[in-house]
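**Student:** As input, take data-v6.txt (compact mmCIF, C-alpha atoms):
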```txt
# COMPACT_ATOMS: atom_id res chain seq x y z
CA MET A 22 122.01 79.37 111.39
CA ILE A 23 118.49 79.32 112.76
CA GLU A 24 115.58 78.07 110.67
CA ALA A 25 111.85 77.97 111.17
CA VAL A 26 110.16 75.21 109.23
CA GLU A 27 106.43 75.23 108.53
CA LEU A 28 105.62 76.84 111.86
CA THR A 29 102.00 77.03 112.91
CA CYS A 30 100.87 78.58 116.15
CA GLU A 31 97.43 78.59 117.71
CA ARG A 32 96.75 80.44 120.93
CA GLY A 33 93.37 80.21 122.61
CA GLU A 34 91.75 78.67 119.51
CA ARG A 35 92.98 81.52 117.34
CA LEU A 36 95.35 80.86 114.53
CA LEU A 37 98.22 83.34 114.84
CA PHE A 38 100.27 82.14 111.89
CA SER A 39 100.57 79.03 109.81
CA SER A 40 103.23 77.42 107.63
CA LEU A 41 105.74 80.10 108.48
CA THR A 42 109.15 79.29 107.05
CA PHE A 43 112.23 81.47 107.27
CA SER A 44 115.88 81.25 108.12
CA ALA A 45 118.72 83.48 109.25
CA GLU A 46 122.39 82.81 108.70
CA ASN A 47 125.00 83.74 111.26
CA GLY A 48 125.66 87.45 111.28
CA THR A 49 122.06 88.44 110.56
CA LEU A 50 119.63 90.73 112.26
CA LEU A 51 116.22 89.13 111.97
CA ARG A 52 113.37 91.45 112.77
CA ILE A 53 109.91 90.11 113.50
CA ALA A 54 107.44 92.77 112.44
CA GLY A 55 103.68 92.99 112.63
CA PRO A 56 100.88 94.80 114.44
CA ASN A 57 99.96 94.00 118.06
CA GLY A 58 98.41 90.61 118.62
CA THR A 59 99.87 88.95 115.55
CA GLY A 60 102.03 86.57 117.53
CA LYS A 61 105.43 88.26 117.62
CA THR A 62 106.05 87.30 121.22
CA SER A 63 104.63 83.82 120.65
CA LEU A 64 107.00 83.36 117.74
CA LEU A 65 109.97 84.44 119.84
CA ARG A 66 108.93 82.09 122.64
CA ILE A 67 108.64 79.28 120.13
CA MET A 68 112.11 80.13 118.83
CA CYS A 69 113.42 79.92 122.40
CA GLY A 70 111.78 76.58 123.02
CA LEU A 71 109.54 77.96 125.76
CA LEU A 72 106.42 77.40 123.71
CA GLU A 73 105.65 74.40 121.60
CA PRO A 74 104.38 75.25 118.12
CA THR A 75 101.13 73.65 117.02
CA ALA A 76 103.04 72.31 114.04
CA GLY A 77 106.50 72.70 112.56
CA GLU A 78 109.88 73.06 114.18
CA ILE A 79 112.80 75.35 114.83
CA ARG A 80 116.24 74.17 113.79
CA TRP A 81 119.53 75.42 115.13
CA LYS A 82 122.62 74.34 113.21
CA GLY A 83 120.37 71.86 111.45
CA GLY A 84 119.01 70.13 114.57
CA ASN A 85 115.53 70.44 116.04
CA ILE A 86 115.79 72.56 119.20
CA ARG A 87 113.28 70.27 120.93
CA ARG A 88 115.94 67.59 120.78
CA LEU A 89 118.99 69.80 121.29
CA ARG A 90 117.56 71.35 124.48
CA GLU A 91 120.46 72.37 126.79
CA GLU A 92 122.86 72.25 123.87
CA TYR A 93 120.72 74.90 122.16
CA TRP A 94 120.15 76.98 125.27
CA LYS A 95 123.90 77.13 125.78
CA ASP A 96 123.99 79.17 122.55
CA LEU A 97 121.02 81.37 123.41
CA VAL A 98 120.33 84.51 125.38
CA TYR A 99 116.67 85.46 125.65
CA ILE A 100 115.40 88.72 127.02
CA GLY A 101 111.63 88.75 127.14
CA HIS A 102 108.97 91.15 128.32
CA LEU A 103 109.80 90.21 131.88
CA ASN A 104 113.20 91.39 132.96
CA GLY A 105 113.95 88.44 135.19
CA VAL A 106 115.18 90.81 137.87
CA LYS A 107 114.65 89.95 141.54
CA ASP A 108 113.41 92.86 143.65
CA ASP A 109 115.21 91.63 146.74
CA LEU A 110 118.63 91.25 145.21
CA THR A 111 121.07 94.04 144.47
CA VAL A 112 121.92 94.92 140.91
CA ARG A 113 125.22 93.07 141.08
CA GLU A 114 123.65 90.00 142.72
CA ASN A 115 120.94 89.95 140.09
CA LEU A 116 123.41 89.89 137.25
CA ARG A 117 125.69 87.37 138.94
CA VAL A 118 122.85 85.00 139.80
CA SER A 119 121.21 85.16 136.38
CA VAL A 120 124.52 84.51 134.60
CA ARG A 121 125.48 81.62 136.89
CA VAL A 122 122.06 79.97 136.87
CA ALA A 123 122.08 80.21 133.08
CA GLY A 124 125.17 78.00 133.29
CA ARG A 125 127.69 80.63 132.20
CA LYS A 126 130.87 81.75 133.79
CA ALA A 127 131.80 85.34 134.38
CA THR A 128 134.41 86.91 136.60
CA GLU A 129 133.47 89.68 139.00
CA SER A 130 135.37 92.21 136.90
CA ARG A 131 133.41 91.12 133.83
CA LEU A 132 130.16 91.67 135.72
CA ALA A 133 131.32 95.09 136.84
CA GLN A 134 132.25 95.98 133.25
CA ALA A 135 128.84 94.90 132.01
CA LEU A 136 127.06 97.02 134.62
CA ASP A 137 129.28 99.93 133.71
CA ALA A 138 128.48 99.44 130.03
CA VAL A 139 124.72 99.66 130.62
CA GLY A 140 125.20 102.77 132.72
CA LEU A 141 124.54 101.25 136.12
CA ALA A 142 127.94 102.07 137.59
CA GLY A 143 127.32 103.34 141.10
CA PHE A 144 124.10 101.34 141.44
CA GLU A 145 125.79 97.94 141.89
CA ASP A 146 124.74 97.62 145.50
CA SER A 147 121.26 99.13 145.23
CA MET A 148 118.31 96.84 145.73
CA ALA A 149 116.55 96.22 142.44
CA ARG A 150 113.21 97.21 144.00
CA PHE A 151 114.36 100.83 144.14
CA LEU A 152 115.27 101.00 140.46
CA SER A 153 113.21 102.64 137.75
CA GLN A 154 111.71 100.64 134.87
CA GLY A 155 114.49 101.72 132.55
CA GLN A 156 117.16 100.75 135.04
CA ARG A 157 115.60 97.32 135.54
CA ARG A 158 115.68 96.86 131.81
CA ARG A 159 119.36 97.76 131.88
CA VAL A 160 120.02 95.09 134.51
CA ALA A 161 118.47 92.54 132.16
CA LEU A 162 120.40 93.91 129.18
CA ALA A 163 123.67 93.71 131.11
CA ARG A 164 123.38 89.96 130.55
CA LEU A 165 124.06 90.62 126.87
CA TYR A 166 127.36 92.31 127.66
CA VAL A 167 128.41 89.31 129.72
CA SER A 168 127.27 86.96 126.93
CA GLU A 169 128.95 88.54 123.92
CA GLY A 170 130.36 85.16 122.98
CA VAL A 171 126.92 83.54 122.91
CA PRO A 172 125.91 83.31 119.25
CA LEU A 173 122.12 83.70 119.33
CA TRP A 174 120.27 86.56 120.99
CA ILE A 175 116.49 86.62 121.04
CA LEU A 176 115.19 89.96 122.27
CA ASP A 177 111.56 90.88 122.78
CA GLU A 178 111.13 94.66 122.50
CA PRO A 179 114.59 95.27 123.97
CA PHE A 180 114.34 99.04 123.64
CA THR A 181 111.27 99.57 125.82
CA ALA A 182 111.76 101.89 128.78
CA LEU A 183 115.27 102.88 127.68
CA ASP A 184 116.33 106.51 127.30
CA VAL A 185 118.07 107.90 124.20
CA ARG A 186 121.55 107.00 125.45
CA GLY A 187 120.40 103.51 126.37
CA VAL A 188 118.85 102.96 122.96
CA ALA A 189 122.02 104.12 121.21
CA ASN A 190 124.23 101.88 123.34
CA LEU A 191 122.07 98.85 122.78
CA SER A 192 121.85 99.41 119.01
CA GLU A 193 125.61 99.64 118.95
CA LEU A 194 125.96 96.43 120.95
CA ILE A 195 123.56 94.60 118.63
CA ALA A 196 125.40 95.88 115.57
CA ARG A 197 128.71 94.75 117.06
CA HIS A 198 127.31 91.31 117.84
CA ILE A 199 126.16 90.91 114.25
CA GLU A 200 129.50 92.14 112.90
CA GLY A 201 131.11 89.44 115.00
CA GLY A 202 129.03 86.74 113.35
CA GLY A 203 126.27 86.52 115.93
CA THR A 204 122.58 86.29 115.17
CA VAL A 205 120.02 88.61 116.71
CA VAL A 206 116.28 88.03 116.51
CA LEU A 207 114.17 90.87 117.80
CA THR A 208 110.85 92.62 117.75
CA THR A 209 111.10 96.38 117.76
CA HIS A 210 110.08 99.54 115.98
CA GLN A 211 113.54 100.93 116.46
CA GLU A 212 116.05 101.19 113.63
CA VAL A 213 119.27 99.33 114.29
CA PRO A 214 122.31 100.55 112.34
CA VAL A 215 123.16 97.35 110.49
CA ASP A 216 124.04 96.81 106.81
CA ALA A 217 120.95 96.27 104.70
CA ALA A 218 122.56 93.06 103.46
CA ARG A 219 122.69 91.69 106.99
CA ARG A 220 119.09 92.50 107.76
CA LYS A 221 116.08 90.26 107.35
CA ARG A 222 112.46 90.69 108.22
CA VAL A 223 109.57 88.40 108.95
CA ASP A 224 106.17 90.03 108.66
CA LEU A 225 103.34 88.55 110.61
CA GLY A 226 100.20 89.46 108.75
CA ASN A 227 96.75 90.54 109.67
CA PRO A 228 95.33 88.34 112.43
CA ALA A 229 91.72 89.12 111.51
CA VAL A 230 91.93 86.99 108.40
CA ALA A 231 94.21 84.51 110.14
CA THR A 232 96.60 84.39 107.22
CA VAL A 233 100.26 85.06 107.21
CA ALA A 234 102.26 87.12 104.86
CA GLU A 235 105.09 85.31 103.17
CA ALA A 236 108.26 85.62 105.10
CA GLU A 237 110.32 88.20 103.31
CA ASP A 238 113.77 86.98 102.77
CA ALA A 239 114.68 90.06 100.83
CA ALA A 240 116.50 92.78 102.71
CA CYS A 241 114.20 95.55 103.72
CA MET B 22 126.71 69.79 138.31
CA LEU B 23 126.80 70.45 142.04
CA ASN B 24 127.76 73.99 141.25
CA VAL B 25 124.39 74.94 139.77
CA ILE B 26 122.54 73.37 142.71
CA ALA B 27 124.70 75.38 145.08
CA GLN B 28 124.07 78.57 143.08
CA VAL B 29 120.31 78.12 143.24
CA VAL B 30 120.35 77.22 146.94
CA ARG B 31 122.43 80.29 147.70
CA ARG B 32 120.15 82.51 145.66
CA ASP B 33 116.98 81.25 147.34
CA LEU B 34 118.46 81.44 150.82
CA LEU B 35 119.55 85.00 150.15
CA LEU B 36 116.05 85.86 148.97
CA ALA B 37 114.54 84.13 152.00
CA ALA B 38 116.82 86.11 154.29
CA ARG B 39 115.55 89.31 152.68
CA GLN B 40 111.89 88.29 152.90
CA LYS B 41 111.89 87.05 156.46
CA ALA B 42 108.15 87.49 156.88
CA ASP B 43 107.45 84.68 154.41
CA VAL B 44 109.65 82.26 156.28
CA LEU B 45 108.47 83.29 159.72
CA ASN B 46 104.82 82.93 158.65
CA THR B 47 105.31 79.23 158.05
CA LEU B 48 107.12 78.67 161.34
CA PHE B 49 104.61 80.73 163.25
CA PHE B 50 101.78 78.73 161.73
CA PHE B 51 103.47 75.50 162.81
CA VAL B 52 103.90 76.71 166.37
CA VAL B 53 100.34 78.00 166.59
CA VAL B 54 98.79 74.77 165.35
CA VAL B 55 100.81 72.59 167.71
CA THR B 56 100.17 74.77 170.75
CA ILE B 57 96.49 75.29 170.09
CA VAL B 58 95.59 71.60 170.03
CA PRO B 59 96.13 71.01 173.79
CA LEU B 60 93.99 74.08 174.48
CA GLY B 61 91.20 72.51 172.48
CA ILE B 62 91.29 68.99 173.90
CA GLY B 63 92.25 69.60 177.50
CA PRO B 64 95.36 69.12 179.62
CA GLU B 65 95.25 65.35 180.22
CA PRO B 66 99.03 64.46 180.09
CA ASN B 67 98.66 60.86 178.91
CA LEU B 68 96.33 61.81 176.11
CA LEU B 69 98.63 64.63 175.01
CA ARG B 70 101.62 62.34 175.16
CA SER B 71 99.96 59.86 172.85
CA ILE B 72 98.74 62.40 170.31
CA ALA B 73 101.87 64.60 170.31
CA PRO B 74 103.69 62.94 167.38
CA GLY B 75 100.57 63.03 165.26
CA VAL B 76 99.90 66.66 166.07
CA VAL B 77 103.46 67.70 165.30
CA TRP B 78 103.44 65.77 162.04
CA VAL B 79 100.06 67.11 160.90
CA ALA B 80 101.17 70.66 161.73
CA ALA B 81 104.44 70.18 159.81
CA LEU B 82 102.48 68.90 156.84
CA LEU B 83 100.05 71.84 156.89
CA ALA B 84 102.92 74.30 157.28
CA ALA B 85 104.63 72.74 154.27
CA ILE B 86 101.45 73.09 152.21
CA LEU B 87 101.07 76.69 153.31
CA SER B 88 104.54 77.51 152.04
CA LEU B 89 104.26 75.71 148.69
CA PRO B 90 102.57 78.34 146.51
CA ARG B 91 105.53 80.66 146.99
CA LEU B 92 108.01 78.07 145.78
CA PHE B 93 107.76 79.05 142.10
CA SER B 94 105.19 81.84 141.91
CA ASN B 95 107.57 84.75 142.60
CA ASP B 96 110.06 83.49 140.04
CA PHE B 97 107.20 82.98 137.61
CA VAL B 98 105.92 86.52 137.98
CA ASP B 99 109.25 88.33 137.61
CA GLY B 100 110.54 86.20 134.74
CA THR B 101 113.46 84.51 136.49
CA LEU B 102 111.75 81.14 136.13
CA GLU B 103 111.63 81.65 132.37
CA GLN B 104 115.37 82.21 132.43
CA MET B 105 115.88 79.04 134.47
CA LEU B 106 114.02 77.05 131.83
CA LEU B 107 116.47 78.37 129.24
CA SER B 108 119.54 77.52 131.27
CA ALA B 109 122.36 75.48 129.78
CA GLU B 110 122.25 73.48 133.01
CA PRO B 111 119.72 70.65 133.36
CA LEU B 112 116.43 71.92 134.77
CA PRO B 113 116.05 69.04 137.27
CA LEU B 114 119.23 70.19 139.02
CA ILE B 115 117.90 73.73 139.31
CA VAL B 116 114.66 72.30 140.68
CA LEU B 117 116.62 70.21 143.17
CA GLY B 118 118.35 73.38 144.32
CA LYS B 119 115.04 75.15 144.78
CA ALA B 120 113.55 72.23 146.72
CA ALA B 121 116.65 72.04 148.91
CA ALA B 122 116.42 75.75 149.69
CA HIS B 123 112.71 75.36 150.44
CA TRP B 124 113.50 72.58 152.89
CA LEU B 125 116.27 74.59 154.54
CA VAL B 126 113.87 77.44 155.30
CA THR B 127 110.78 75.37 156.21
CA GLY B 128 111.44 71.69 156.95
CA LEU B 129 114.68 72.12 158.82
CA PRO B 130 113.49 74.86 161.23
CA LEU B 131 110.29 72.89 161.86
CA THR B 132 112.33 69.83 162.68
CA LEU B 133 114.52 71.75 165.11
CA MET B 134 111.50 73.33 166.72
CA SER B 135 109.87 69.95 167.21
CA ILE B 136 112.51 69.22 169.86
CA VAL B 137 110.89 71.90 172.00
CA PHE B 138 107.48 70.29 171.49
CA GLY B 139 108.92 66.89 172.41
CA VAL B 140 109.82 68.39 175.76
CA ALA B 141 106.57 70.34 176.09
CA PHE B 142 104.43 67.27 175.46
CA ASP B 143 106.76 65.23 177.68
CA ILE B 144 107.13 62.35 175.23
CA GLY B 145 110.53 61.17 176.45
CA VAL B 146 114.02 61.50 175.12
CA GLN B 147 114.07 58.48 172.84
CA GLU B 148 110.67 59.32 171.34
CA THR B 149 111.76 62.91 170.72
CA ALA B 150 114.89 61.67 169.00
CA VAL B 151 112.81 59.38 166.79
CA MET B 152 110.41 62.23 166.03
CA VAL B 153 113.30 64.48 165.00
CA ALA B 154 114.76 61.69 162.86
CA SER B 155 111.40 61.04 161.21
CA LEU B 156 110.96 64.74 160.47
CA LEU B 157 114.50 64.98 159.13
CA LEU B 158 113.74 62.21 156.67
CA GLY B 159 110.13 63.15 156.00
CA THR B 160 110.10 66.93 155.55
CA PRO B 161 112.43 66.87 152.51
CA VAL B 162 109.93 64.48 150.91
CA LEU B 163 107.19 67.05 151.58
CA SER B 164 109.26 69.75 149.86
CA LEU B 165 110.02 67.53 146.87
CA ILE B 166 106.50 66.20 146.33
CA GLY B 167 105.09 69.62 147.09
CA ALA B 168 107.26 71.10 144.34
CA VAL B 169 105.50 68.86 141.82
CA GLY B 170 102.11 70.16 142.94
CA ALA B 171 103.31 73.76 142.96
CA ALA B 172 104.77 73.42 139.47
CA LEU B 173 101.61 71.84 138.06
CA THR B 174 99.34 74.60 139.39
CA LEU B 175 101.67 77.47 138.54
CA GLY B 176 99.88 80.47 137.11
CA LEU B 177 96.41 79.04 137.70
CA ARG B 178 93.79 80.98 139.60
CA GLY B 179 93.18 79.38 142.99
CA GLY B 180 96.37 77.40 142.49
CA GLY B 181 96.99 77.18 146.24
CA VAL B 182 93.88 75.12 146.94
CA LEU B 183 94.52 72.94 143.94
CA THR B 184 98.09 72.32 145.10
CA SER B 185 96.83 71.05 148.46
CA LEU B 186 94.33 68.78 146.76
CA LEU B 187 97.03 67.38 144.51
CA VAL B 188 99.74 66.81 147.07
CA LEU B 189 97.77 65.87 150.19
CA PRO B 190 97.11 62.27 149.09
CA LEU B 191 100.82 61.91 148.32
CA PHE B 192 101.76 63.35 151.72
CA ILE B 193 99.64 60.80 153.58
CA PRO B 194 102.11 57.87 153.46
CA VAL B 195 104.82 60.19 154.78
CA LEU B 196 102.51 61.29 157.59
CA ILE B 197 101.55 57.71 158.49
CA PHE B 198 105.10 56.42 158.64
CA GLY B 199 106.45 59.59 160.25
CA ALA B 200 103.95 59.67 163.09
CA GLY B 201 103.99 55.86 163.18
CA ALA B 202 107.72 55.79 163.90
CA VAL B 203 107.24 57.86 167.04
CA GLY B 204 104.22 55.79 168.07
CA ALA B 205 106.24 52.61 167.65
CA ALA B 206 109.09 54.01 169.71
CA ALA B 207 106.65 55.03 172.45
CA SER B 208 105.09 51.57 172.65
CA GLY B 209 108.48 49.88 172.63
CA VAL B 210 108.11 48.22 169.23
CA GLY B 211 110.91 48.48 166.67
CA TYR B 212 110.75 51.82 164.90
CA ALA B 213 113.65 51.24 162.51
CA ALA B 214 111.38 49.91 159.76
CA TYR B 215 109.39 53.17 159.75
CA LEU B 216 112.51 55.28 159.46
CA LEU B 217 113.93 53.04 156.75
CA LEU B 218 110.71 53.40 154.78
CA LEU B 219 110.84 57.17 155.16
CA GLY B 220 114.43 57.03 153.94
CA ALA B 221 113.28 55.02 150.95
CA PHE B 222 110.57 57.60 150.21
CA LEU B 223 113.20 60.30 150.37
CA LEU B 224 115.57 58.56 147.95
CA PHE B 225 112.73 57.83 145.57
CA ALA B 226 111.50 61.44 145.71
CA LEU B 227 115.04 62.77 145.20
CA VAL B 228 115.40 60.77 142.01
CA VAL B 229 111.94 61.12 140.52
CA THR B 230 110.40 64.45 141.52
CA PRO B 231 112.99 66.85 140.02
CA TRP B 232 112.23 65.42 136.57
CA LEU B 233 108.50 65.62 137.15
CA VAL B 234 108.79 69.21 138.34
CA GLY B 235 110.89 70.06 135.28
CA ILE B 236 108.25 68.66 132.95
CA ALA B 237 105.44 70.36 134.88
CA LEU B 238 107.22 73.73 134.78
CA ARG B 239 107.70 73.54 131.02
CA ILE B 240 104.02 72.77 130.59
CA SER B 241 103.01 75.59 132.94
CA MET B 242 105.14 78.12 131.07
CA GLU B 243 103.46 77.49 127.71
```
Using structure tokens, write down the structure that the file contains.
**Tutor:**
Amino acid sequence: MIEAVELTCERGERLLFSSLTFSAENGTLLRIAGPNGTGKTSLLRIMCGLLEPTAGEIRWKGGNIRRLREEYWKDLVYIGHLNGVKDDLTVRENLRVSVRVAGRKATESRLAQALDAVGLAGFEDSMARFLSQGQRRRVALARLYVSEGVPLWILDEPFTALDVRGVANLSELIARHIEGGGTVVLTTHQEVPVDAARRKRVDLGNPAVATVAEAEDAAC
Amino acid sequence: MLNVIAQVVRRDLLLAARQKADVLNTLFFFVVVVTIVPLGIGPEPNLLRSIAPGVVWVAALLAAILSLPRLFSNDFVDGTLEQMLLSAEPLPLIVLGKAAAHWLVTGLPLTLMSIVFGVAFDIGVQETAVMVASLLLGTPVLSLIGAVGAALTLGLRGGGVLTSLLVLPLFIPVLIFGAGAVGAAASGVGYAAYLLLLGAFLLFALVVTPWLVGIALRISME
């Protein structure tokens, strides 16, 4: 279970949100909604532990992530705006390196399966610099297939640059992860086919008045 | 624990092998600086012999500074650094791997090349050996301390200049004892103390700088 307690975030002297409190049990899809510039990405980065909130804390299994550190990151996969794909490595090398450096183990056949699942079969030995935007995104998303056992996924606009097939595959993967008791936090405008009961939404309000809508714990 | 260091070293060496120009730039710079000095000050053999260790050391130091901005900036831009910060492995170990890879592609080749300069400046076999030993001990310190500067200035405009300003004062002791070791060997005084001090710097840097870099990277990513 992941909880946000009294989160406040200021960026460049602007208050993005304050006293934001919400939680998501295991097996929940938590969607962060709100117009551009309301701090969706900042909130995700705070939830990852990349950004320190101005006030408040994030708790994972009841412990502050600032203290859990590696213990928390072991349970987390984050895919941000940046794909984390190296131009000068092949697709296979990219996936292998990112999984290993993240401290996870994966056999070569597992890596091959993941690349196949994101539709990059046949591109394993291509240099990432020759890939399209959508294909680079797929290389990043392949990490999810390798990390199906990792409970918490935090995804920042995971559907960008994907084609229809890619979007369908990813929605299916997310739905499966939630069915299996995993937690997914994401920002997107895309519908993900998950039970209404397993869905939650946090609305970040209008930045102009620097106030924050109450976190909706009701299913939407 | 060693596994993650090895993974990072392998990754960075592979990347270096695919971006040869970056690596060669540093080495080329080192060679140019060392060879251009005699052209500027004239061909007097005794003078050149006495300044050779200093010239080689200063050039190695400048070459190290030149290569520092690239240490984290590429990983920062493409998002792989972000992923490293979220690794289940301790960040200082990843940093140690990156510094080791940096040394393998800059410090180590410079050190090997300095043998050629030892011959070219005619400083004698023993002095050349001491120079190589001092560079072997000193250049890893440059990579480690330099990583702190590079991490602190990550993502800043004009970060390269700022990095030099930050790390140069910290490089100076290494320079003094490195060039001093060769000078001592040339004048027949004991040089062991210099090398031992360099060794001490290296051990200290190995223990302390990865943590500092880790902290600096987390601050820079905010």
**Student:** With all atoms listed in the file as the basis for distance, which of A:Arg117, A:Arg131, A:His198, A:Arg222 is at the shortest distance from Pro172 in chain A?
**Tutor:** A:His198
**Student:** For Ile175 in chain A, which residue among B:Leu107, B:Pro66, B:Gly139, B:Asp96 is the nearest when counting all atoms listed in the file?
**Tutor:**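 Comparing B:Leu107, B:Pro66, B:Gly139, B:Asp96 against Ile175 in chain A, the winner is B:Leu107.
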**Student:** Place a sphere of radius 6 Å on (118.5, 84.0, 114.3) in the file coordinates and name every protein, DNA or RNA residue with an atom inside or on its surface, counting all atoms listed in the file; give the answer as a list in words.
**Tutor:**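 Collected hits near the coordinates: Ile23, Ala45, Thr204, Val205 and Val206 of chain A.
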**Student:** Which is closest to chain B among A:Ala161, A:Thr42, A:Ala127, A:Thr59, if we use only C-alpha atoms?
**Tutor:**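 Of all the options, A:Ala161 lies closest to chain B.
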**Student:** Which residues, written as an MDAnalysis selection string, have at least one atom at most 10 Å from range 227-242 of chain B, with all atoms listed in the file counted and residues fewer than 3 positions away on the same chain left out?
**Tutor:** (chainID A and resid 70:73) or (chainID B and resid 93 97 102:103 106 111:120 161:162 164:177 221:224)
**Student:** Tell me which protein, DNA and RNA residues are within 8 Å of Trp78 in chain B, counting only C-alpha atoms, leaving out same-chain ones fewer than 5 positions away, and put them as a list in words.
**Tutor:**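 The neighbour list is Leu156, Leu196, Gly199 and Ala200 of chain B.
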**Student:** Write out as a list in words which residues come within 12 Å of Lys126 in chain A when counting all atoms listed in the file, dropping same-chain ones fewer than 5 positions away.
**Tutor:**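 Close residues of Lys126 in chain A: Lys95, Leu116, Arg117, Val118, Ser119, Val120, Arg121, Arg131, Leu132, Arg164, Val167, Ser168, Gly170 and Val171 of chain A; Asn24, Val25, Gln28, Ala109 and Glu110 of chain B.
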**Student:** Hey, what's within 9 Å of range 122-130 of chain B if we count only C-alpha atoms and toss same-chain stuff fewer than 3 positions away? As number ranges by chain, please?
**Tutor:** B: 29-34, 37, 44-45, 47-48, 81, 84-85, 88-89, 92, 117-119, 133-135, 156-157, 159-161, 163-165
**Student:** Would you mind reading off the distance between CA of Leu69 in chain B and CA of Ala214 in chain B, one decimal, in Å?
**Tutor:**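 These atoms are spaced 24.7 Å apart.
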**Student:** Mind listing as a list in words which residues of chain A are within 7 Å of chain B, counting all atoms listed in the file?
**Tutor:**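 Residues passing the distance filter: Leu71, Leu72, Glu91, Glu92, Trp94, Lys95, Leu103, Asn104, Gly105, Val106, Lys107, Asp109, Val118, Val122, Ala123 and Gly124 of chain A.
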**Student:** Could the residues in this selection be saved with C-alpha atoms as a compact mmCIF listing (two decimals), in the frame of the given file?
**Tutor:**
```txt
# COMPACT_ATOMS: atom_id res chain seq x y z
CA LEU A 71 109.54 77.96 125.76
CA LEU A 72 106.42 77.40 123.71
CA GLU A 91 120.46 72.37 126.79
CA GLU A 92 122.86 72.25 123.87
CA TRP A 94 120.15 76.98 125.27
CA LYS A 95 123.90 77.13 125.78
CA LEU A 103 109.80 90.21 131.88
CA ASN A 104 113.20 91.39 132.96
CA GLY A 105 113.95 88.44 135.19
CA VAL A 106 115.18 90.81 137.87
CA LYS A 107 114.65 89.95 141.54
CA ASP A 109 115.21 91.63 146.74
CA VAL A 118 122.85 85.00 139.80
CA VAL A 122 122.06 79.97 136.87
CA ALA A 123 122.08 80.21 133.08
CA GLY A 124 125.17 78.00 133.29
```
**Student:** (102.9, 76.5, 108.2) in this file's frame - what residues fall within 7 Å of it? Use all atoms listed in the file and give the answer as a PyMOL selection string.
**Tutor:** chain A and resi 27-29+39-42+77
**Student:** Any idea what the distance is between CA of Lys82 in chain A and CA of Thr49 in chain A?
**Tutor:**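 Taking CA of Lys82 in chain A as the start and CA of Thr49 in chain A as the end point, the length is 14.4 Å.
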